[in-house]
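J.: Got a structure for you, written out below as C-alpha cells; questions coming shortly.
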Amino acid sequence: MAKPDPAVDWPTQFLFLGCGNMAGAMLARWLDCGLPAERVTVVRPSGRPVADGATVLTALEDPVPEGTMVVLGFKPQQLGGIAEAAAPLLGSGATLLSILAGVPMARLREAFPQAGGIVRCMPNLPVRIGKGVSTLYADGDAAARAQANALCAALGLVEWLEDEALFDAATALAGCGPAFVYRFIDALAAAGRELGLDASAAARMALATVEGAAISAAASDAGPAAMADSVASKGGMTRQGLDVLDRDDGLESLLVETLRAARDRGAELAALSGK
C-alpha cells in the first residue's frame with residue numbers, strides 16, 4: 001500500500017450519497033490518509049456502518065452545510081430518484097464529485113441545479129491502496145478543480161480531460177481496466193494449467209509475474225513495447241509467444257474491441273440516467 005499523505009486539506013464535511021465498492025474504496029483510502037471520520041456522513045438505504053465515528057443515514061433530510069464535498073456514489077440509473085430528494089437540500093456552497101459512469105455534466109447540472117462546482121471523476125479500485133487512476137473533468141470552477149485534484153492525488157494518478165466526449169473512453173481504459181487485467185492474470189494461469197502446470201502453482205506464478213512486470217514497467221524510463229522487445233531474443237521462446245500476441249487478430253485487436261464495448265456502454269448508461 002502506498003504511504004498515506006497526511007498533508008491533504010480535507011473539506012469541512014464529506015457527504016456520500018451511496019457508498020458502494022468504488023466510493024467505499026475512495027473513502028477507506030481517505031480515512032487511511034487522515035480524513036477525520038467525524039467529518040463523514042454516508043446516506044445508504046441499508047444503514048450499514050462504514051467506519052467508527054462516521055455518521056450513516058438511511059435518507060437525507062436536513063440541508064447540506066456550506067463547504068461540504070458531496071460524493072455521488074450510487075448507481076447511474078438511480079440518479080433521477082436520488083436527485084429529486086437530495087437536490088433541494090444542496091446549496092451553492094456544496095461541491096459535487098460524481099463517480100456515476102456515463103452521466104455527463106449537463107445531466108448532473110440538470111439534476112442538481114443549485115449545487116456549486118461539479119467534477120466528474122472515474123476512479124478505479126486500486127485507489128484503495130493509493131495506486132489507482134482517477135480521470136477527472138470539470139466545466140470551469142477553479143476551486144472545485146483544485147479541491148478534487150488534491151483529494152484524488154491521495155488515491156494515485158490523476159488525469160484531467162479537457163474534452164468531456166473522451167470521458168467514456170478513459171473510463172473504459174482506466175476505470176474498467178483493472179477487471180480486464182484480473183481476467184488476463186486468470187487467463188495466463190489457465191494457459192499454464194493447459195500446458196500441464198499444477199493449478200495453484202500456475203495461479204501464483206501468473207499473479208507474481210504480472211505484479212513484477214507492472215512494477216518494473218512503472219519504474220522504467222523505457223516504454224512497455226520496448227521492454228517487451230528487450231527480453232525477446234530473435235528465435236527465442238519469448239519472441240515466439242509475442243509473435244502470437246502481435247498478430248493482426250491478436251491482443252491489441254482484442255483489447256480495442258474490449259474497450260469499445262465498455263465505452264459504448266457509457267452512452268447507454270447516459271441514456272438510462274436521463275429517464
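Numbering starts fresh at 1 for the residues of each chain in the C-alpha cells, the chains themselves are lettered A, B, ... in the order given, and ligands are numbered from 1 as they appear.
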If you count only C-alpha atoms, which residues fall within 8 Å of Leu151 of chain A, apart from same-chain ones fewer than 6 positions away, as number ranges by chain?

T.: A: 8, 10, 30

J.: Export, as a CSV table (one decimal), in the first residue's frame, the selected residues with C-alpha atoms.

T.:
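Final output, saved to out-v7.csv:
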chain,number,residue,atom,x,y,z
A,8,VAL,CA,-4.4,16.8,2.4
A,10,TRP,CA,-9.8,18.0,3.9
A,30,TRP,CA,-9.0,8.9,2.5

J.: For Ser92 of chain A, work out the shell of residues within 9 Å, counting only C-alpha atoms and skipping chain neighbours fewer than 4 positions away, then give it as a PyMOL selection string.

T.: chain A and resi 66+113-117

J.: Closest to Ala179 of chain A among A:Ala23, A:Val56, A:Leu259, A:Ala214, using only C-alpha atoms?

T.: A:Leu259

J.: If I take atom CA of Ala94 of chain A and atom CA of Glu268 of chain A, how far is one from the other in Å, to one decimal?

T.: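 Answer for the atom CA of Ala94 of chain A to atom CA of Glu268 of chain A separation: 28.5 Å.
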
J.: Name the residues of segment 44-214 of chain A that come out as strand (DSSP E or B) in a backbone DSSP run; write them as an mmCIF file with C-alpha atoms, in the first residue's frame.

T.:
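The new file result_15.cif reads:
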data_model
loop_
_atom_site.group_PDB
_atom_site.id
_atom_site.type_symbol
_atom_site.label_atom_id
_atom_site.label_comp_id
_atom_site.auth_asym_id
_atom_site.auth_seq_id
_atom_site.Cartn_x
_atom_site.Cartn_y
_atom_site.Cartn_z
ATOM 1 C CA THR A 55 -22.494 9.095 10.521
ATOM 2 C CA VAL A 56 -24.721 6.811 8.457
ATOM 3 C CA LEU A 57 -28.241 7.856 7.470
ATOM 4 C CA THR A 68 -19.484 20.064 2.000
ATOM 5 C CA MET A 69 -17.925 17.770 -0.603
ATOM 6 C CA VAL A 70 -20.773 15.617 -1.910
ATOM 7 C CA VAL A 71 -19.705 12.337 -3.498
ATOM 8 C CA LEU A 72 -22.293 10.798 -5.816
ATOM 9 C CA THR A 95 -19.214 20.799 -4.386
ATOM 10 C CA LEU A 96 -20.219 17.622 -6.209
ATOM 11 C CA LEU A 97 -17.780 14.839 -7.080
ATOM 12 C CA SER A 98 -19.646 12.433 -9.332
ATOM 13 C CA ILE A 118 -19.289 19.868 -10.147
ATOM 14 C CA VAL A 119 -16.452 17.497 -11.057
ATOM 15 C CA ARG A 120 -16.842 14.205 -12.875
ATOM 16 C CA CYS A 121 -14.465 11.572 -11.547
ATOM 17 C CA MET A 122 -13.876 7.992 -12.621
ATOM 18 C CA GLY A 132 -5.362 3.924 -8.601
ATOM 19 C CA VAL A 133 -6.146 6.172 -11.537
ATOM 20 C CA SER A 134 -8.711 8.972 -11.253
ATOM 21 C CA THR A 135 -9.904 10.508 -14.508
ATOM 22 C CA LEU A 136 -11.388 13.968 -13.926
ATOM 23 C CA TYR A 137 -13.404 16.517 -15.878
ATOM 24 C CA ALA A 138 -14.838 19.848 -14.736
ATOM 25 C CA GLY A 156 -2.936 7.638 -7.059
ATOM 26 C CA LEU A 157 -2.508 9.034 -10.577
ATOM 27 C CA VAL A 158 -4.752 11.960 -11.570
ATOM 28 C CA GLU A 159 -5.566 12.556 -15.235
ATOM 29 C CA TRP A 160 -7.631 15.579 -16.319
#

J.: Could you list, as number ranges by chain, every residue within 12 Å of Pro126 of chain A, counting only C-alpha atoms and ignoring same-chain residues fewer than 5 positions away?

T.: A: 1-2, 21-26, 28-29, 131-134, 154-157, 174-179, 181-182

J.: Pick the closest to Met105 of chain A from A:Phe167, A:Arg145, A:Asp264, A:Phe74: which is it, counting only C-alpha atoms?

T.: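 Going through A:Phe167, A:Arg145, A:Asp264, A:Phe74 one by one, the smallest distance to Met105 of chain A is for A:Phe167.
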
J.: May I ask which of the residues A:Ala270, A:Leu254, A:Ala143, A:Val210 is the closest one to Leu108 of chain A, counting only C-alpha atoms?

T.: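 Once distances to Leu108 of chain A are computed over only C-alpha atoms, the minimum belongs to A:Ala270.
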